[in-house]
Amino acid sequence: MISDLENKRLLLQGNEAVAYGALAAGCRFFAGYPITPATEISELLAAELPKVGGTFAQMEDEIASMGAIIGASLAGVKSMTATSGPGFSLMQENLGYACVAEVPCVIVNVMRGGPSTGLPTCPSQGDVQMARWGTHGDHPIIVLATSSVEDSFSITVKAFNLSEQFRVPVIILSDEVVAHTRECVQLPELKRIRIVDRIRPSVPPDWYKPYEGDNRGVPHMAAFGDGYRHHVTGLIHDEHGFPTQKENEVLHFQNRLTQKITRGFPEIMMTRNFMLEDAEVAVIAYGSVARSAYKAVEDARKQGTKAGLLQLITLFPFCRSQVTPVLEQCRAVLVPEMNMGQISREVQRVNQGKSIVVKHNRIDGNFITPQELYTQLVKL
Amino acid sequence: MTIPAQAIRHKYLRHNKKFPHVWCPGCGNGIVMAALLRAIYRMELSKDEIVLASGIGCSSRMPTYTDFNTLHTTHGRALTFATGLKLAKPSLNVVTIMGDGDATAIGGNHFIHAARRNLNLTAIIVNNSIYGMTGGQYSPTTPFGSKSTTSLYGHIEHDFSIAELAVTAGASFVARATVYHAALMDKLIEQAMRKRGFAVVEVISNCHVQYGRRNKLGGAVEMLKTYRDNAVTVKKAEKLSAEELAGKITIGVLTDREMPISTEEYKKVRQRANEAEGEL
């Protein structure tokens with residue numbers, strides 16, 4: 001049981017750390033469908049959730065998995081699903097529902113090579129832009145990337161917290177390397193972990209407006225069955241939750257949906273700096289590629305190149321305020337990715353001629369090594 | 001028990017919802033909604049414990065008008081949301097309302113798996129043989145040879161029999177009514193809601209606007225009369241041959257069986273998991 005593991009040193013793989021992170025964050029419902037390389041998350045939660053009074057359900061597909069976690073969240077229970085690219089494609093429909101109905105939930109996508117069935121056992125970062133724009137329509141969303149086993153635990157906790165705080169689905173992007181690498185980690189003491197829960201209404205049921213934002217723009221959320229009978233729909237709705245096509249109400253809703261995330265930027269945007277203070281060249285990386293980048297930066301420093309690393313934890317909303325200073329400071333920036341350039345286009349969008357942005361892309365199913373990044377770095 | 005219609009309207013319809021509703025005059029959806037509300041009234045359930053979930057389509061607008069915990073989900077997915085709700089909070093009384101296209105085309109997979117999974121849920125399927133909201137395209141229950149906007153020259157596919165599909169997929173309780181048999185319908189809905197297990201009520205309903213008109217079946221009244229004339233009870237149907245049953249609508253309870261329900265079984269899973277933990 002999770003409570004037996006706190007403060008202990010454990011040899012875990014990334015997928016297991018995600019599952020333990022979810023349990024520590026208070027996740028008590030998981031629905032999923034088997035898929036490589038994410039299956040261990042389901043297996044571990046199928047074993048552990050019943051021990052803590054939670055529920056595991058294996059659904060008929062990923063569409064149903066996403067529907068089930070939204071249903072469970074509406075019942076007041078923190079919920080998660082985990083999948084890989086093909087399943088994530090199927091989840092896009094109900095992911096949009098969670099965005100518009102503002103249902104907190106966490107979706108883990110352990111990325112594998114694509115498109116389609118692709119390279120099921122190979123690492124990739126090919127789903128980055130899909131995580132941002134996969135479901136139709138303008139929508140707010142938060143996308144986090146994990147790079148290690150330790151990260152997989154803490155970022156999962158953070159994902160639940162952000163999801164509850166902003167009533168928005170949060171996507172965790174892992175990849176085959178992070179998911180299956182075993183590392184020694186020490187899980188923190190559970191009571192020391194900061195846990196955020198959705199704010200429930202404090203007004204009497206008759207006064208409750210289920211989609212009226214508070215001063216943060218986030219509506220307070222009652223669970224079904226708690227006496228606050230209300231309507232939840234995927235249609236654009238007014239503050240009472242009922243469908244509307246009145247342009248002032250539609251606009252008010254759409255603006256609030258976007259602004260609740262904009263106002264939360266300082267809390268949402270997370271990065272790590274490594275040797276950036278005096279850097280003349282820098283790597284901007286995320287996920288397992290960032291691990292190689294740490295080593296490449298160290299090696300480049302030894303060789304005399306003033307290199308640094310900006311690791312992105314939050315991919316979306318894009319960390320403009322952390323990336324801009326790096327672009328202003330460095331003469332060149334390397335953006336390595338296991339895709340054809342899905343974050344480098346964001347970096348270029350922010351760059352506006354400040355620095356030279358160099359892409360390094362790999363889509364052959366192999367991991368980006370420290371050696372190949374070092375070779376690139378010293379050339380900048 | 002006489003049911004005061006006005007009291008039901010005042011009690012269960014949303015006073016803060018801006019009416020009118022979206023349904024055409026003469027639509028069967030209102031009859032289904034009234035039957036559901038009568039069943040709930042008789043069962044004396046608290047409004048707070050009921051969840052009415054739906055998919056997308058004309059009948060799926062029903063939750064908007066009723067004063068329960070209401071959930072208007074994505075097309076075909078009502079049962080997946082309902083599954084999560086029920087598993088996470090088994091004390092909720094969850095009813096789903098779906099159309100024929102919603103439940104058996106786009107949501108067909110969820111429908112058969114919900115029947116197999118046997119959660120304590122009620123599924124009401126309003127079968128009007130057409131996609132009404134989008135303007136009259138053929139659905140999985142459009143009869144062979146019928147005309148629709150996407151089968152102008154006659155439909156070449158065969159229709160599902162939804163209730164029989166539910167029986168085969170393993171539902172605990174399956175019944176069928178038509179909107180003509182309104183009194184029978186509310187009794188069947190009540191039976192379904194009281195049933196412990198996955199319970200399906202298929203309601204044959206009229207879409208005289210999109211289906212009846214194109215197939216020269218008359219208006220709402222004429223279509224209801226057809227249901228009256230073609231309906232046979234389950235008991236009577238047993239004595240009829242397949243030829244005699246052609247074109248008939250079998251109404252009543254098709255199946256009612258006892259099977260373990262998953263929320264109860266999951267309680268045992270929790271117990272076994274904790275026992276296994278103790279042994280380690």
# chains A, B, ... in the order shown; residues from 1 in each chain; ligands from 1
>>> closest_atom_pairs(of="chain A", to="chain B", cutoff="6 Å", atoms="only C-alpha atoms", output="CSV")
residue,atom,partner,partner_atom,distance
A:Pro50,CA,B:Arg270,CA,4.4
A:Lys51,CA,B:Asn274,CA,5.3
A:Ala64,CA,B:Thr80,CA,5.0
A:Gly67,CA,B:Phe81,CA,4.6
A:Ala68,CA,B:Gly84,CA,3.9
A:Ile69,CA,B:Gly84,CA,5.8
A:Gly71,CA,B:Phe81,CA,4.3
A:Ala72,CA,B:Gly84,CA,4.4
A:Ala75,CA,B:Leu85,CA,5.6
A:Phe224,CA,B:Asn69,CA,5.9
A:Gly225,CA,B:Glu49,CA,5.2
A:Gly227,CA,B:Asp48,CA,5.2
A:Arg229,CA,B:Asn69,CA,4.6
A:His230,CA,B:Asn69,CA,5.3
A:His231,CA,B:Thr70,CA,4.7
A:Val232,CA,B:Leu71,CA,4.8
A:Thr233,CA,B:His72,CA,4.6
>>> select_by_dssp(residues="segment 1-209 of chain A", states="helix (DSSP H, G or I)", output="compact mmCIF listing (two decimals) with N, CA and C atoms, in the first residue's frame")
# COMPACT_ATOMS: atom_id res chain seq x y z
N ILE A 2 0.39 2.33 -0.60
CA ILE A 2 1.19 3.55 -0.75
C ILE A 2 1.71 4.05 0.60
N SER A 3 0.89 3.95 1.65
CA SER A 3 1.32 4.48 2.96
C SER A 3 2.50 3.70 3.52
N ASP A 4 2.72 2.46 3.05
CA ASP A 4 3.87 1.69 3.53
C ASP A 4 5.17 2.09 2.82
N GLY A 14 9.23 4.56 -14.30
CA GLY A 14 8.43 5.79 -14.42
C GLY A 14 6.95 5.54 -14.31
N ASN A 15 6.46 4.50 -14.97
CA ASN A 15 5.03 4.20 -14.92
C ASN A 15 4.55 3.92 -13.50
N GLU A 16 5.37 3.20 -12.74
CA GLU A 16 4.98 2.91 -11.36
C GLU A 16 4.96 4.20 -10.53
N ALA A 17 5.93 5.06 -10.80
CA ALA A 17 5.99 6.33 -10.05
C ALA A 17 4.77 7.19 -10.36
N VAL A 18 4.29 7.16 -11.60
CA VAL A 18 3.07 7.89 -11.96
C VAL A 18 1.90 7.36 -11.14
N ALA A 19 1.80 6.04 -11.07
CA ALA A 19 0.69 5.42 -10.34
C ALA A 19 0.75 5.79 -8.85
N TYR A 20 1.95 5.73 -8.27
CA TYR A 20 2.08 6.10 -6.85
C TYR A 20 1.82 7.59 -6.65
N GLY A 21 2.26 8.39 -7.59
CA GLY A 21 1.99 9.84 -7.51
C GLY A 21 0.50 10.10 -7.49
N ALA A 22 -0.24 9.37 -8.35
CA ALA A 22 -1.69 9.53 -8.40
C ALA A 22 -2.32 9.16 -7.06
N LEU A 23 -1.88 8.05 -6.50
CA LEU A 23 -2.44 7.63 -5.21
C LEU A 23 -2.14 8.66 -4.13
N ALA A 24 -0.91 9.18 -4.15
CA ALA A 24 -0.52 10.18 -3.16
C ALA A 24 -1.33 11.47 -3.32
N ALA A 25 -1.69 11.78 -4.56
CA ALA A 25 -2.45 13.02 -4.83
C ALA A 25 -3.93 12.88 -4.46
N THR A 39 0.78 0.35 -19.97
CA THR A 39 -0.04 -0.63 -19.26
C THR A 39 0.28 -0.78 -17.78
N GLU A 40 1.57 -0.62 -17.42
CA GLU A 40 1.94 -0.83 -16.01
C GLU A 40 1.18 0.12 -15.07
N ILE A 41 0.82 1.29 -15.57
CA ILE A 41 0.07 2.24 -14.73
C ILE A 41 -1.28 1.62 -14.37
N SER A 42 -1.96 1.05 -15.36
CA SER A 42 -3.24 0.37 -15.11
C SER A 42 -3.06 -0.79 -14.16
N GLU A 43 -2.04 -1.59 -14.42
CA GLU A 43 -1.86 -2.81 -13.61
C GLU A 43 -1.61 -2.49 -12.15
N LEU A 44 -0.77 -1.47 -11.92
CA LEU A 44 -0.46 -1.14 -10.54
C LEU A 44 -1.69 -0.56 -9.83
N LEU A 45 -2.43 0.28 -10.56
CA LEU A 45 -3.61 0.89 -9.92
C LEU A 45 -4.74 -0.13 -9.74
N ALA A 46 -4.81 -1.12 -10.63
CA ALA A 46 -5.81 -2.19 -10.45
C ALA A 46 -5.54 -2.94 -9.16
N ALA A 47 -4.25 -3.05 -8.82
CA ALA A 47 -3.90 -3.74 -7.58
C ALA A 47 -4.04 -2.85 -6.36
N GLU A 48 -3.71 -1.57 -6.50
CA GLU A 48 -3.62 -0.70 -5.32
C GLU A 48 -4.91 0.07 -4.99
N LEU A 49 -5.65 0.50 -6.02
CA LEU A 49 -6.83 1.33 -5.73
C LEU A 49 -7.84 0.65 -4.80
N PRO A 50 -8.15 -0.65 -5.01
CA PRO A 50 -9.13 -1.26 -4.10
C PRO A 50 -8.68 -1.26 -2.64
N LYS A 51 -7.37 -1.23 -2.41
CA LYS A 51 -6.89 -1.25 -1.02
C LYS A 51 -7.16 0.06 -0.29
N VAL A 52 -7.32 1.14 -1.04
CA VAL A 52 -7.54 2.44 -0.40
C VAL A 52 -8.97 2.94 -0.61
N GLU A 62 -10.62 3.54 -25.25
CA GLU A 62 -10.15 4.77 -24.61
C GLU A 62 -11.21 5.87 -24.61
N ILE A 63 -12.16 5.78 -25.53
CA ILE A 63 -13.25 6.76 -25.52
C ILE A 63 -14.03 6.58 -24.22
N ALA A 64 -14.33 5.32 -23.93
CA ALA A 64 -15.08 4.99 -22.72
C ALA A 64 -14.26 5.31 -21.46
N SER A 65 -12.95 5.09 -21.52
CA SER A 65 -12.10 5.38 -20.36
C SER A 65 -12.19 6.86 -20.00
N MET A 66 -12.10 7.69 -21.02
CA MET A 66 -12.15 9.15 -20.81
C MET A 66 -13.54 9.55 -20.29
N GLY A 67 -14.60 8.95 -20.85
CA GLY A 67 -15.96 9.23 -20.37
C GLY A 67 -16.11 8.83 -18.92
N ALA A 68 -15.57 7.67 -18.56
CA ALA A 68 -15.72 7.17 -17.19
C ALA A 68 -15.00 8.06 -16.18
N ILE A 69 -13.81 8.57 -16.53
CA ILE A 69 -13.11 9.40 -15.53
C ILE A 69 -13.82 10.75 -15.38
N ILE A 70 -14.46 11.23 -16.44
CA ILE A 70 -15.23 12.48 -16.31
C ILE A 70 -16.44 12.23 -15.40
N GLY A 71 -17.10 11.10 -15.61
CA GLY A 71 -18.25 10.74 -14.77
C GLY A 71 -17.85 10.64 -13.31
N ALA A 72 -16.73 9.97 -13.05
CA ALA A 72 -16.28 9.80 -11.66
C ALA A 72 -15.91 11.13 -11.04
N SER A 73 -15.28 12.01 -11.84
CA SER A 73 -14.91 13.32 -11.33
C SER A 73 -16.15 14.15 -10.98
N LEU A 74 -17.19 14.01 -11.80
CA LEU A 74 -18.44 14.72 -11.51
C LEU A 74 -19.09 14.20 -10.22
N GLY A 85 -0.16 7.00 -27.66
CA GLY A 85 -0.66 7.74 -28.83
C GLY A 85 -1.99 7.28 -29.41
N PRO A 86 -2.12 6.01 -29.82
CA PRO A 86 -3.37 5.58 -30.45
C PRO A 86 -4.58 5.77 -29.52
N GLY A 87 -4.40 5.50 -28.26
CA GLY A 87 -5.49 5.68 -27.31
C GLY A 87 -5.76 7.15 -27.05
N PHE A 88 -4.68 7.94 -27.06
CA PHE A 88 -4.83 9.38 -26.83
C PHE A 88 -5.63 10.01 -27.97
N SER A 89 -5.45 9.48 -29.19
CA SER A 89 -6.26 9.95 -30.32
C SER A 89 -7.75 9.74 -30.02
N LEU A 90 -8.08 8.57 -29.49
CA LEU A 90 -9.49 8.28 -29.21
C LEU A 90 -10.04 9.14 -28.07
N MET A 91 -9.17 9.59 -27.19
CA MET A 91 -9.64 10.36 -26.04
C MET A 91 -9.96 11.81 -26.36
N GLN A 92 -9.55 12.27 -27.54
CA GLN A 92 -9.67 13.70 -27.84
C GLN A 92 -11.10 14.21 -27.73
N GLU A 93 -12.07 13.38 -28.13
CA GLU A 93 -13.47 13.81 -28.11
C GLU A 93 -13.92 14.20 -26.69
N ASN A 94 -13.75 13.25 -25.77
CA ASN A 94 -14.21 13.54 -24.41
C ASN A 94 -13.25 14.45 -23.64
N LEU A 95 -12.02 14.56 -24.13
CA LEU A 95 -11.09 15.52 -23.54
C LEU A 95 -11.65 16.94 -23.75
N GLY A 96 -12.18 17.19 -24.92
CA GLY A 96 -12.81 18.48 -25.20
C GLY A 96 -14.00 18.71 -24.29
N TYR A 97 -14.73 17.64 -24.01
CA TYR A 97 -15.87 17.75 -23.09
C TYR A 97 -15.38 18.20 -21.70
N ALA A 98 -14.29 17.56 -21.24
CA ALA A 98 -13.75 17.92 -19.92
C ALA A 98 -13.30 19.38 -19.90
N CYS A 99 -12.80 19.89 -21.03
CA CYS A 99 -12.39 21.29 -21.11
C CYS A 99 -13.60 22.21 -20.99
N VAL A 100 -14.65 21.92 -21.76
CA VAL A 100 -15.79 22.85 -21.83
C VAL A 100 -16.68 22.74 -20.59
N VAL A 128 3.20 16.05 -28.79
CA VAL A 128 3.25 17.31 -28.04
C VAL A 128 2.17 18.28 -28.53
N GLN A 129 2.12 18.48 -29.83
CA GLN A 129 1.13 19.44 -30.35
C GLN A 129 -0.29 18.86 -30.27
N MET A 130 -0.41 17.53 -30.35
CA MET A 130 -1.74 16.93 -30.19
C MET A 130 -2.25 17.15 -28.77
N ALA A 131 -1.32 17.08 -27.79
CA ALA A 131 -1.75 17.32 -26.42
C ALA A 131 -2.32 18.73 -26.28
N ARG A 132 -1.76 19.67 -27.04
CA ARG A 132 -2.24 21.05 -26.96
C ARG A 132 -3.50 21.25 -27.79
N TRP A 133 -3.50 20.73 -29.01
CA TRP A 133 -4.57 21.10 -29.95
C TRP A 133 -5.38 19.92 -30.47
N VAL A 149 12.07 9.20 -13.11
CA VAL A 149 11.16 8.47 -12.22
C VAL A 149 10.70 9.38 -11.08
N GLU A 150 11.64 10.14 -10.53
CA GLU A 150 11.30 11.05 -9.44
C GLU A 150 10.26 12.09 -9.90
N ASP A 151 10.53 12.65 -11.10
CA ASP A 151 9.60 13.59 -11.72
C ASP A 151 8.22 12.99 -11.90
N SER A 152 8.20 11.74 -12.35
CA SER A 152 6.94 11.09 -12.66
C SER A 152 6.04 11.08 -11.43
N PHE A 153 6.63 10.92 -10.26
CA PHE A 153 5.85 10.97 -9.02
C PHE A 153 5.38 12.40 -8.74
N SER A 154 6.34 13.33 -8.69
CA SER A 154 5.98 14.68 -8.25
C SER A 154 5.14 15.42 -9.28
N ILE A 155 5.38 15.18 -10.57
CA ILE A 155 4.61 15.87 -11.59
C ILE A 155 3.17 15.35 -11.63
N THR A 156 2.99 14.07 -11.33
CA THR A 156 1.63 13.54 -11.27
C THR A 156 0.85 14.21 -10.13
N VAL A 157 1.51 14.38 -8.99
CA VAL A 157 0.85 15.08 -7.88
C VAL A 157 0.50 16.51 -8.31
N LYS A 158 1.47 17.16 -8.96
CA LYS A 158 1.27 18.54 -9.41
C LYS A 158 0.12 18.61 -10.43
N ALA A 159 0.05 17.60 -11.31
CA ALA A 159 -1.00 17.57 -12.33
C ALA A 159 -2.38 17.53 -11.68
N PHE A 160 -2.52 16.71 -10.66
CA PHE A 160 -3.81 16.65 -9.96
C PHE A 160 -4.12 17.99 -9.30
N ASN A 161 -3.10 18.57 -8.69
CA ASN A 161 -3.32 19.85 -8.01
C ASN A 161 -3.77 20.94 -8.97
N LEU A 162 -3.08 21.04 -10.11
CA LEU A 162 -3.46 22.07 -11.10
C LEU A 162 -4.86 21.80 -11.65
N SER A 163 -5.14 20.54 -11.89
CA SER A 163 -6.43 20.16 -12.44
C SER A 163 -7.57 20.55 -11.49
N GLU A 164 -7.36 20.29 -10.21
CA GLU A 164 -8.37 20.63 -9.21
C GLU A 164 -8.48 22.14 -9.02
N GLN A 165 -7.32 22.80 -9.07
CA GLN A 165 -7.29 24.23 -8.82
C GLN A 165 -7.97 25.02 -9.93
N PHE A 166 -7.73 24.59 -11.18
CA PHE A 166 -8.25 25.36 -12.32
C PHE A 166 -9.43 24.70 -13.02
N GLU A 176 8.42 6.43 -23.64
CA GLU A 176 8.78 5.03 -23.39
C GLU A 176 10.03 4.91 -22.54
N VAL A 177 10.98 5.84 -22.70
CA VAL A 177 12.22 5.77 -21.92
C VAL A 177 11.96 6.08 -20.45
N VAL A 178 11.23 7.17 -20.19
CA VAL A 178 10.92 7.53 -18.80
C VAL A 178 10.07 6.43 -18.16
N ALA A 179 9.12 5.91 -18.94
CA ALA A 179 8.16 4.94 -18.41
C ALA A 179 8.82 3.66 -17.95
N HIS A 180 9.84 3.20 -18.68
CA HIS A 180 10.39 1.88 -18.40
C HIS A 180 11.79 1.88 -17.79
N LEU A 190 4.00 11.23 3.04
CA LEU A 190 2.74 11.60 2.40
C LEU A 190 2.13 12.89 2.95
N LYS A 191 2.23 13.06 4.27
CA LYS A 191 1.56 14.25 4.82
C LYS A 191 2.31 15.55 4.50
N ARG A 192 3.52 15.40 3.98
CA ARG A 192 4.26 16.60 3.58
C ARG A 192 3.95 17.04 2.16
N PRO A 205 -27.88 25.63 -1.88
CA PRO A 205 -28.14 25.11 -3.23
C PRO A 205 -28.95 26.06 -4.12
N ASP A 206 -29.92 26.78 -3.56
CA ASP A 206 -30.75 27.67 -4.38
C ASP A 206 -29.95 28.81 -5.00
N TRP A 207 -28.85 29.18 -4.37
CA TRP A 207 -28.05 30.29 -4.86
C TRP A 207 -26.96 29.84 -5.83
>>> residues_around(residues="Met43 of chain B", least_positions_apart="2", cutoff="10 Å", atoms="only C-alpha atoms", output="ChimeraX atom specification")
/B:37-41,45-46,190-191,193-194
>>> atom_distance(atom1="atom CA of Asp159 of chain B", atom2="atom CA of Thr104 of chain B")
10.5 Å
>>> residues_around(residues="Ser292 of chain A", least_positions_apart="2", cutoff="8 Å", atoms="only C-alpha atoms", output="mmCIF file with all heavy atoms, in the first residue's frame")
data_model
loop_
_atom_site.group_PDB
_atom_site.id
_atom_site.type_symbol
_atom_site.label_atom_id
_atom_site.label_comp_id
_atom_site.auth_asym_id
_atom_site.auth_seq_id
_atom_site.Cartn_x
_atom_site.Cartn_y
_atom_site.Cartn_z
ATOM 1 N N SER A 288 12.495 12.868 -21.545
ATOM 2 C CA SER A 288 13.728 12.098 -21.392
ATOM 3 C C SER A 288 14.900 12.762 -22.110
ATOM 4 O O SER A 288 16.055 12.583 -21.708
ATOM 5 C CB SER A 288 13.529 10.673 -21.911
ATOM 6 O OG SER A 288 13.130 10.702 -23.259
ATOM 7 N N VAL A 289 14.648 13.546 -23.142
ATOM 8 C CA VAL A 289 15.729 14.226 -23.878
ATOM 9 C C VAL A 289 16.468 15.206 -22.958
ATOM 10 O O VAL A 289 17.681 15.403 -23.087
ATOM 11 C CB VAL A 289 15.166 14.947 -25.130
ATOM 12 C CG1 VAL A 289 16.254 15.704 -25.858
ATOM 13 C CG2 VAL A 289 14.504 13.945 -26.064
ATOM 14 N N ALA A 290 15.746 15.785 -22.004
ATOM 15 C CA ALA A 290 16.389 16.712 -21.067
ATOM 16 C C ALA A 290 17.463 16.010 -20.247
ATOM 17 O O ALA A 290 18.464 16.618 -19.847
ATOM 18 C CB ALA A 290 15.339 17.336 -20.149
ATOM 19 N N TYR A 294 21.361 17.367 -19.861
ATOM 20 C CA TYR A 294 22.152 17.682 -18.657
ATOM 21 C C TYR A 294 23.595 17.220 -18.847
ATOM 22 O O TYR A 294 24.552 17.956 -18.588
ATOM 23 C CB TYR A 294 21.560 16.976 -17.423
ATOM 24 C CG TYR A 294 20.451 17.741 -16.757
ATOM 25 C CD1 TYR A 294 19.127 17.447 -17.006
ATOM 26 C CD2 TYR A 294 20.744 18.769 -15.850
ATOM 27 C CE1 TYR A 294 18.102 18.137 -16.397
ATOM 28 C CE2 TYR A 294 19.727 19.478 -15.224
ATOM 29 C CZ TYR A 294 18.400 19.165 -15.502
ATOM 30 O OH TYR A 294 17.400 19.868 -14.896
ATOM 31 N N LYS A 295 23.722 15.980 -19.300
ATOM 32 C CA LYS A 295 25.060 15.400 -19.474
ATOM 33 C C LYS A 295 25.833 16.149 -20.575
ATOM 34 O O LYS A 295 27.004 16.470 -20.403
ATOM 35 C CB LYS A 295 24.890 13.909 -19.827
ATOM 36 C CG LYS A 295 26.145 13.169 -20.184
ATOM 37 C CD LYS A 295 26.935 12.759 -18.944
ATOM 38 C CE LYS A 295 28.122 11.876 -19.321
ATOM 39 N NZ LYS A 295 29.394 12.437 -18.860
ATOM 40 N N ALA A 296 25.130 16.461 -21.666
ATOM 41 C CA ALA A 296 25.791 17.155 -22.786
ATOM 42 C C ALA A 296 26.286 18.537 -22.347
ATOM 43 O O ALA A 296 27.389 18.962 -22.716
ATOM 44 C CB ALA A 296 24.820 17.276 -23.960
ATOM 45 N N ILE A 368 17.625 10.124 -28.055
ATOM 46 C CA ILE A 368 18.675 11.116 -28.337
ATOM 47 C C ILE A 368 19.752 11.001 -27.247
ATOM 48 O O ILE A 368 19.445 11.166 -26.061
ATOM 49 C CB ILE A 368 18.093 12.545 -28.396
ATOM 50 C CG1 ILE A 368 17.115 12.649 -29.573
ATOM 51 C CG2 ILE A 368 19.210 13.590 -28.496
ATOM 52 C CD1 ILE A 368 16.443 13.988 -29.729
ATOM 53 N N THR A 369 20.985 10.718 -27.662
ATOM 54 C CA THR A 369 22.044 10.457 -26.675
ATOM 55 C C THR A 369 22.748 11.747 -26.252
ATOM 56 O O THR A 369 22.745 12.737 -27.005
ATOM 57 C CB THR A 369 23.110 9.511 -27.265
ATOM 58 O OG1 THR A 369 23.698 10.175 -28.397
ATOM 59 C CG2 THR A 369 22.490 8.202 -27.695
ATOM 60 N N PRO A 370 23.403 11.736 -25.078
ATOM 61 C CA PRO A 370 24.189 12.899 -24.653
ATOM 62 C C PRO A 370 25.278 13.234 -25.677
ATOM 63 O O PRO A 370 25.552 14.393 -25.929
ATOM 64 C CB PRO A 370 24.812 12.440 -23.325
ATOM 65 C CG PRO A 370 23.914 11.368 -22.823
ATOM 66 C CD PRO A 370 23.358 10.699 -24.038
ATOM 67 N N LEU A 373 24.088 15.288 -28.607
ATOM 68 C CA LEU A 373 23.776 16.664 -28.204
ATOM 69 C C LEU A 373 25.054 17.462 -27.961
ATOM 70 O O LEU A 373 25.145 18.646 -28.301
ATOM 71 C CB LEU A 373 22.910 16.671 -26.941
ATOM 72 C CG LEU A 373 21.454 16.210 -27.125
ATOM 73 C CD1 LEU A 373 20.681 16.397 -25.831
ATOM 74 C CD2 LEU A 373 20.778 16.985 -28.247
#
>>> atom_distance(atom1="atom CA of Asn255 of chain A", atom2="atom CA of Val106 of chain A")
23.1 Å
>>> select_by_dssp(residues="segment 98-190 of chain A", states="strand (DSSP E)", output="PyMOL selection string")
chain A and resi 105-113+119-123+142-145+169-175+182-186
>>> write_last_selection(atoms="C-alpha atoms", output="short mmCIF file (atom, residue, chain, number, x, y, z; two decimals), in the first residue's frame")
data_model
loop_
_atom_site.label_atom_id
_atom_site.label_comp_id
_atom_site.auth_asym_id
_atom_site.auth_seq_id
_atom_site.Cartn_x
_atom_site.Cartn_y
_atom_site.Cartn_z
CA CYS A 105 -9.06 14.96 -14.52
CA VAL A 106 -5.56 13.78 -15.37
CA ILE A 107 -4.57 12.03 -18.61
CA VAL A 108 -1.19 10.34 -18.90
CA ASN A 109 0.15 9.80 -22.41
CA VAL A 110 3.24 7.61 -22.47
CA MET A 111 4.40 8.60 -25.93
CA ARG A 112 5.52 5.99 -28.43
CA GLY A 113 6.53 6.30 -32.07
CA LEU A 119 6.51 2.05 -33.14
CA PRO A 120 4.78 0.66 -30.05
CA THR A 121 7.92 -0.08 -28.03
CA CYS A 122 10.02 2.93 -29.07
CA PRO A 123 10.24 6.34 -27.42
CA ILE A 142 -2.30 22.20 -19.28
CA VAL A 143 0.42 19.88 -20.55
CA LEU A 144 3.31 18.74 -18.34
CA ALA A 145 6.33 16.64 -19.33
CA PRO A 169 -7.89 18.50 -17.70
CA VAL A 170 -4.13 18.15 -17.25
CA ILE A 171 -2.09 15.99 -19.60
CA ILE A 172 1.13 14.36 -18.47
CA LEU A 173 3.44 13.51 -21.33
CA SER A 174 5.80 10.70 -20.49
CA ASP A 175 7.68 8.61 -23.02
CA ARG A 182 14.13 1.96 -13.36
CA GLU A 183 15.70 4.42 -10.95
CA CYS A 184 16.17 4.53 -7.23
CA VAL A 185 13.86 7.08 -5.65
CA GLN A 186 12.71 8.00 -2.20
#
>>> closest_residue(among="B:Ser172, B:Asn127, B:Thr178, B:Asn120", to="Ser262 of chain B", atoms="only C-alpha atoms")
B:Asn120
>>> residues_around(residues="segment 246-257 of chain B", least_positions_apart="5", cutoff="6 Å", atoms="only C-alpha atoms", output="VMD selection string")
chain B and resid 172 to 177 230 to 234
>>> atom_distance(atom1="atom CA of Asp127 of chain A", atom2="atom CA of Asp61 of chain A")
19.2 Å
>>> closest_residue(among="B:His10, B:Arg214, B:Lys239, B:Lys187", to="Leu36 of chain B", atoms="only C-alpha atoms")
B:Lys187
